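Coordinates from model18.pdb are shown below (PDB, C-alpha atoms, pLDDT in the B column).
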```pdb
ATOM      1  CA  MET A1461     -42.528  76.192-164.994  1.00 46.00           C
ATOM      2  CA  LYS A1462     -41.846  79.927-164.621  1.00 45.00           C
ATOM      3  CA  LYS A1463     -44.520  80.667-167.184  1.00 47.00           C
ATOM      4  CA  ALA A1464     -47.071  78.601-165.283  1.00 44.00           C
ATOM      5  CA  LEU A1465     -46.104  80.297-162.012  1.00 42.00           C
ATOM      6  CA  PHE A1466     -46.531  83.710-163.623  1.00 44.00           C
ATOM      7  CA  TYR A1467     -49.970  82.898-164.993  1.00 43.00           C
ATOM      8  CA  ILE A1468     -51.133  81.548-161.643  1.00 45.00           C
ATOM      9  CA  LEU A1469     -49.780  84.586-159.787  1.00 44.00           C
ATOM     10  CA  PHE A1470     -51.173  86.992-162.377  1.00 43.00           C
ATOM     11  CA  ILE A1471     -54.634  85.406-162.290  1.00 44.00           C
ATOM     12  CA  VAL A1472     -54.703  85.483-158.491  1.00 40.00           C
ATOM     13  CA  LEU A1473     -53.513  89.103-158.293  1.00 43.00           C
ATOM     14  CA  ALA A1474     -55.747  90.282-161.108  1.00 43.00           C
ATOM     15  CA  GLY A1475     -58.724  88.445-159.653  1.00 43.00           C
ATOM     16  CA  CYS A1476     -58.191  89.872-156.184  1.00 44.00           C
ATOM     17  CA  GLY A1477     -57.706  93.439-157.335  1.00 41.00           C
ATOM     18  CA  ASN A1478     -59.979  93.830-160.314  1.00 38.00           C
ATOM     19  CA  GLN A1479     -63.241  92.012-159.627  1.00 36.00           C
ATOM     20  CA  GLN A1480     -65.253  92.546-156.516  1.00 36.00           C
ATOM     21  CA  GLN A1481     -68.716  91.103-156.166  1.00 36.00           C
ATOM     22  CA  ASN A1482     -71.491  92.513-154.028  1.00 37.00           C
ATOM     23  CA  GLU A1483     -74.648  90.739-152.972  1.00 37.00           C
ATOM     24  CA  THR A1484     -77.881  92.572-153.603  1.00 37.00           C
ATOM     25  CA  GLU A1485     -80.984  92.344-151.428  1.00 40.00           C
ATOM     26  CA  SER A1486     -82.328  89.552-153.626  1.00 38.00           C
ATOM     27  CA  GLY A1487     -79.239  87.451-152.920  1.00 39.00           C
ATOM     28  CA  LYS A1488     -77.905  87.712-156.449  1.00 37.00           C
ATOM     29  CA  GLN A1489     -74.357  88.862-156.995  1.00 37.00           C
ATOM     30  CA  GLU A1490     -73.488  91.748-159.244  1.00 37.00           C
ATOM     31  CA  ILE A1491     -70.140  92.976-160.484  1.00 34.00           C
ATOM     32  CA  PRO A1492     -69.486  96.671-159.842  1.00 36.00           C
ATOM     33  CA  LYS A1493     -69.235  99.058-162.766  1.00 36.00           C
ATOM     34  CA  GLU A1494     -65.707  99.668-164.071  1.00 36.00           C
ATOM     35  CA  LYS A1495     -65.546 103.215-162.707  1.00 35.00           C
ATOM     36  CA  GLU A1496     -66.758 102.231-159.239  1.00 38.00           C
ATOM     37  CA  ILE A1497     -64.147 102.884-156.576  1.00 37.00           C
ATOM     38  CA  LYS A1498     -62.984  99.960-154.453  1.00 39.00           C
ATOM     39  CA  LYS A1499     -61.776 100.566-150.893  1.00 41.00           C
ATOM     40  CA  VAL A1500     -59.515  98.245-148.941  1.00 40.00           C
ATOM     41  CA  ASP A1501     -58.267  99.567-145.603  1.00 50.00           C
ATOM     42  CA  ALA A1502     -56.664 102.912-146.443  1.00 64.00           C
ATOM     43  CA  VAL A1503     -56.062 102.135-150.103  1.00 66.00           C
ATOM     44  CA  VAL A1504     -58.598 103.359-152.642  1.00 65.00           C
ATOM     45  CA  SER A1505     -58.293 102.724-156.364  1.00 61.00           C
ATOM     46  CA  ASP A1506     -60.199 103.104-159.557  1.00 65.00           C
ATOM     47  CA  ASP A1507     -59.123 102.432-163.135  1.00 69.00           C
ATOM     48  CA  SER A1508     -56.477 105.138-163.265  1.00 89.00           C
ATOM     49  CA  THR A1509     -55.576 106.152-159.701  1.00 93.00           C
ATOM     50  CA  MET A1510     -54.647 104.414-156.475  1.00 94.00           C
ATOM     51  CA  THR A1511     -54.766 106.527-153.319  1.00 94.00           C
ATOM     52  CA  VAL A1512     -52.934 105.468-150.153  1.00 96.00           C
ATOM     53  CA  ARG A1513     -53.636 107.100-146.783  1.00 95.00           C
ATOM     54  CA  GLU A1514     -51.714 104.792-144.410  1.00 96.00           C
ATOM     55  CA  ASN A1515     -48.185 103.508-144.026  1.00 97.00           C
ATOM     56  CA  TYR A1516     -47.633 101.071-146.887  1.00 97.00           C
ATOM     57  CA  VAL A1517     -45.100  99.640-149.254  1.00 97.00           C
ATOM     58  CA  ILE A1518     -46.427  99.790-152.800  1.00 97.00           C
ATOM     59  CA  PHE A1519     -45.000  97.658-155.596  1.00 97.00           C
ATOM     60  CA  PHE A1520     -45.595  98.926-159.109  1.00 95.00           C
ATOM     61  CA  TRP A1521     -46.853  96.302-161.503  1.00 92.00           C
ATOM     62  CA  PRO A1522     -47.487  96.601-165.238  1.00 91.00           C
ATOM     63  CA  ASP A1523     -51.125  96.737-166.242  1.00 89.00           C
ATOM     64  CA  SER A1524     -52.628  94.017-168.438  1.00 88.00           C
ATOM     65  CA  LYS A1525     -52.029  95.979-171.644  1.00 91.00           C
ATOM     66  CA  GLU A1526     -48.341  96.453-170.777  1.00 92.00           C
ATOM     67  CA  ILE A1527     -48.005  92.743-170.001  1.00 91.00           C
ATOM     68  CA  GLU A1528     -49.501  91.890-173.390  1.00 93.00           C
ATOM     69  CA  GLU A1529     -47.056  94.290-175.065  1.00 93.00           C
ATOM     70  CA  MET A1530     -44.087  92.758-173.229  1.00 92.00           C
ATOM     71  CA  GLN A1531     -45.178  89.312-174.332  1.00 93.00           C
ATOM     72  CA  ALA A1532     -45.639  90.407-177.947  1.00 94.00           C
ATOM     73  CA  ASN A1533     -42.342  92.341-178.120  1.00 94.00           C
ATOM     74  CA  ASN A1534     -40.006  89.829-176.478  1.00 94.00           C
ATOM     75  CA  PRO A1535     -38.949  86.281-177.238  1.00 94.00           C
ATOM     76  CA  GLU A1536     -40.551  83.787-174.868  1.00 93.00           C
ATOM     77  CA  ASP A1537     -37.396  83.184-172.791  1.00 94.00           C
ATOM     78  CA  VAL A1538     -36.805  86.936-172.337  1.00 93.00           C
ATOM     79  CA  TYR A1539     -40.450  87.511-171.470  1.00 92.00           C
ATOM     80  CA  ASN A1540     -40.357  84.661-168.919  1.00 92.00           C
ATOM     81  CA  GLU A1541     -37.262  86.171-167.305  1.00 92.00           C
ATOM     82  CA  ILE A1542     -38.921  89.591-167.078  1.00 89.00           C
ATOM     83  CA  VAL A1543     -41.985  88.044-165.463  1.00 89.00           C
ATOM     84  CA  ALA A1544     -39.838  86.027-163.059  1.00 90.00           C
ATOM     85  CA  ASP A1545     -38.099  89.213-161.920  1.00 88.00           C
ATOM     86  CA  LEU A1546     -41.396  91.095-161.665  1.00 88.00           C
ATOM     87  CA  THR A1547     -42.800  88.477-159.306  1.00 91.00           C
ATOM     88  CA  TRP A1548     -39.703  87.220-157.480  1.00 94.00           C
ATOM     89  CA  TYR A1549     -38.329  90.405-155.918  1.00 94.00           C
ATOM     90  CA  PRO A1550     -41.640  91.847-154.668  1.00 95.00           C
ATOM     91  CA  GLY A1551     -42.489  88.374-153.359  1.00 95.00           C
ATOM     92  CA  ILE A1552     -39.289  88.153-151.312  1.00 96.00           C
ATOM     93  CA  ALA A1553     -39.718  91.719-150.046  1.00 96.00           C
ATOM     94  CA  GLY A1554     -43.368  90.991-149.229  1.00 96.00           C
ATOM     95  CA  GLU A1555     -42.411  88.025-147.068  1.00 97.00           C
ATOM     96  CA  VAL A1556     -40.055  90.237-145.042  1.00 97.00           C
ATOM     97  CA  LEU A1557     -42.672  93.000-144.807  1.00 97.00           C
ATOM     98  CA  ASP A1558     -45.181  90.467-143.488  1.00 97.00           C
ATOM     99  CA  THR A1559     -42.800  89.474-140.692  1.00 97.00           C
ATOM    100  CA  LEU A1560     -42.440  93.171-139.808  1.00 97.00           C
ATOM    101  CA  ASN A1561     -46.224  93.717-139.940  1.00 97.00           C
ATOM    102  CA  ILE A1562     -45.824  96.348-142.652  1.00 97.00           C
ATOM    103  CA  LYS A1563     -48.744  96.506-145.073  1.00 97.00           C
ATOM    104  CA  HIS A1564     -47.970  96.153-148.762  1.00 97.00           C
ATOM    105  CA  THR A1565     -49.887  96.099-151.999  1.00 96.00           C
ATOM    106  CA  ILE A1566     -49.403  96.272-155.753  1.00 94.00           C
ATOM    107  CA  CYS A1567     -50.336  99.167-157.995  1.00 94.00           C
ATOM    108  CA  ASP A1568     -50.993  98.847-161.705  1.00 92.00           C
ATOM    109  CA  SER A1569     -52.889 102.138-161.896  1.00 93.00           C
ATOM    110  CA  LYS A1570     -51.538 105.007-163.956  1.00 93.00           C
ATOM    111  CA  PHE A1571     -51.309 107.303-160.919  1.00 94.00           C
ATOM    112  CA  LEU A1572     -50.418 106.743-157.279  1.00 96.00           C
ATOM    113  CA  VAL A1573     -51.560 109.404-154.808  1.00 96.00           C
ATOM    114  CA  LEU A1574     -49.955 109.344-151.361  1.00 97.00           C
ATOM    115  CA  VAL A1575     -51.859 111.298-148.717  1.00 96.00           C
ATOM    116  CA  LYS A1576     -49.723 112.431-145.799  1.00 97.00           C
ATOM    117  CA  SER A1577     -51.008 112.985-142.261  1.00 96.00           C
ATOM    118  CA  ASP A1578     -51.117 116.759-142.847  1.00 96.00           C
ATOM    119  CA  LYS A1579     -53.445 116.068-145.843  1.00 95.00           C
ATOM    120  CA  THR A1580     -50.846 117.049-148.456  1.00 96.00           C
ATOM    121  CA  GLU A1581     -50.856 114.791-151.485  1.00 95.00           C
ATOM    122  CA  ILE A1582     -47.961 113.443-153.493  1.00 96.00           C
ATOM    123  CA  LYS A1583     -48.993 112.324-156.971  1.00 95.00           C
ATOM    124  CA  LEU A1584     -46.751 109.880-158.821  1.00 95.00           C
ATOM    125  CA  ILE A1585     -47.051 108.612-162.363  1.00 94.00           C
ATOM    126  CA  ARG A1586     -46.323 104.876-162.118  1.00 94.00           C
ATOM    127  CA  LYS A1587     -44.279 104.673-165.311  1.00 92.00           C
ATOM    128  CA  GLU A1588     -42.221 107.756-164.414  1.00 94.00           C
ATOM    129  CA  ALA A1589     -41.655 107.140-160.699  1.00 93.00           C
ATOM    130  CA  GLY A1590     -38.015 106.105-161.032  1.00 92.00           C
ATOM    131  CA  GLY A1591     -38.456 102.714-159.395  1.00 94.00           C
ATOM    132  CA  ASN A1592     -40.912  99.885-158.852  1.00 95.00           C
ATOM    133  CA  MET A1593     -41.277 100.098-155.067  1.00 97.00           C
ATOM    134  CA  VAL A1594     -42.463 102.950-152.852  1.00 97.00           C
ATOM    135  CA  LEU A1595     -42.035 103.015-149.088  1.00 98.00           C
ATOM    136  CA  PHE A1596     -44.667 105.394-147.743  1.00 98.00           C
ATOM    137  CA  HIS A1597     -45.014 106.642-144.180  1.00 98.00           C
ATOM    138  CA  VAL A1598     -47.699 109.278-143.667  1.00 97.00           C
ATOM    139  CA  ASP A1599     -45.329 111.506-141.656  1.00 97.00           C
ATOM    140  CA  LYS A1600     -42.320 111.261-143.995  1.00 97.00           C
ATOM    141  CA  GLU A1601     -41.341 111.764-147.592  1.00 97.00           C
ATOM    142  CA  PRO A1602     -41.728 108.548-149.606  1.00 97.00           C
ATOM    143  CA  ILE A1603     -38.724 106.500-150.632  1.00 97.00           C
ATOM    144  CA  ILE A1604     -38.825 105.316-154.240  1.00 97.00           C
ATOM    145  CA  SER A1605     -36.570 102.374-154.988  1.00 96.00           C
ATOM    146  CA  TYR A1606     -36.494  98.981-156.678  1.00 96.00           C
ATOM    147  CA  ALA A1607     -37.796  95.746-155.189  1.00 95.00           C
ATOM    148  CA  ASN A1608     -34.555  93.966-156.050  1.00 94.00           C
ATOM    149  CA  LEU A1609     -32.757  96.491-153.799  1.00 96.00           C
ATOM    150  CA  PHE A1610     -35.155  96.005-150.862  1.00 97.00           C
ATOM    151  CA  ASP A1611     -33.323  96.297-147.560  1.00 96.00           C
ATOM    152  CA  GLU A1612     -34.963  95.067-144.358  1.00 97.00           C
ATOM    153  CA  GLN A1613     -32.935  97.420-142.169  1.00 97.00           C
ATOM    154  CA  GLU A1614     -33.888 100.431-144.290  1.00 97.00           C
ATOM    155  CA  ALA A1615     -37.566  99.460-144.012  1.00 97.00           C
ATOM    156  CA  LYS A1616     -37.271  99.060-140.224  1.00 97.00           C
ATOM    157  CA  GLU A1617     -35.683 102.494-139.891  1.00 97.00           C
ATOM    158  CA  TYR A1618     -38.126 104.179-142.256  1.00 98.00           C
ATOM    159  CA  PHE A1619     -41.191 102.717-140.528  1.00 97.00           C
ATOM    160  CA  ASP A1620     -39.684 103.244-137.035  1.00 96.00           C
ATOM    161  CA  ILE A1621     -39.607  99.547-136.158  1.00 95.00           C
ATOM    162  CA  LYS A1622     -37.223  98.640-133.371  1.00 86.00           C
TER     163      LYS A1622
END
```
Any chance you could give the structure as structure tokens?
Amino acid sequence: MKKALFYILFIVLAGCGNQQQNETESGKQEIPKEKEIKKVDAVVSDDSTMTVRENYVIFFWPDSKEIEEMQANNPEDVYNEIVADLTWYPGIAGEVLDTLNIKHTICDSKFLVLVKSDKTEIKLIRKEAGGNMVLFHVDKEPIISYANLFDEQEAKEYFDIK
């Protein structure tokens, strides 16, 4: 059951983030080139870098190659437990963030660039960030933590929600 849930979630997330179709003047749809940059609100990403320019919570997610490696290097029950943790904790945190009207997204890019209101940039390497969740407010230093340690009160205070 967990394995099926993971595959469904992975397909939905991968489909939403990786393939975007545009209609041409002739009405046909074309898939953008791999290096084309996709923009959603204040989040811009390409194959290797995601750039965030608004208040967001970003959950780090392994890329498809890393997922394949985890599956190949772990027994099925261990792999299923890893996947369950990868999806469960961000999912619970995401539900709370939705109730607080705090935007959130996932990042499987190699780099995450956070652009503050004064135009300074903070560049993080996903694998070396020291956590799997980043709270980012454009007027503050980011908080890097783990989704399993998500605290609603901390998020409210960080994002100045009363």
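Residues matched by the PyMOL selection byres ((chain A and resi 1563-1568) around 8) in this file are Met1510, Asn1515, Tyr1516, Val1517, Ile1518, Phe1519, Phe1520, Trp1521, Pro1522, Asp1523, Gly1554, Leu1557, Asp1558, Asn1561, Ile1562, Ser1569, Lys1570, Leu1572 and Arg1586 of chain A.
Restricting the calculation to only C-alpha atoms, the smallest distance between Glu1612 of chain A and any of A:Val1556, A:Ala1544, A:Pro1550, A:Ile1585 is found for A:Val1556.
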**Message:** Can you measure atom CA of Val1512 of chain A to atom CA of Glu1529 of chain A for me? One decimal in Å is fine.
**Reply:**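 Separation of atom CA of Val1512 of chain A and atom CA of Glu1529 of chain A: 27.9 Å.
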Name all residues at most 10 Å from Trp1548 of chain A (count only C-alpha atoms; drop same-chain ones fewer than 5 positions away) and give them as a PDB file with C-alpha atoms, in the frame of the given file.
```pdb
ATOM      1  CA  PHE A1466     -46.531  83.710-163.623  1.00 44.00           C
ATOM      2  CA  ILE A1542     -38.921  89.591-167.078  1.00 89.00           C
ATOM      3  CA  VAL A1543     -41.985  88.044-165.463  1.00 89.00           C
ATOM      4  CA  ALA A1553     -39.718  91.719-150.046  1.00 96.00           C
ATOM      5  CA  GLY A1554     -43.368  90.991-149.229  1.00 96.00           C
ATOM      6  CA  ALA A1607     -37.796  95.746-155.189  1.00 95.00           C
ATOM      7  CA  ASN A1608     -34.555  93.966-156.050  1.00 94.00           C
TER       8      ASN A1608
END
```
**Asked** What does the distance between atom CA of Arg1513 of chain A and atom CA of Phe1610 of chain A come to in Å, to one decimal place?
**Response**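 Distance between the two atoms: 21.9 Å.
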**Request:** Could you expand the PyMOL selection byres ((chain A and resi 1580) around 12) into the explicit residues it covers here, written as a PyMOL selection string?
**Result:** chain A and resi 1512-1513+1573-1579+1581-1583+1598-1601
Listed atoms of segment 1541-1550 of chain A boxed axis-aligned with 5 Å per side, centre + edges as lines of an AutoDock Vina configuration file:
```
center_x = -40.0
center_y = 88.9
center_z = -161.0
size_x = 15.5
size_y = 15.8
size_z = 22.6
```
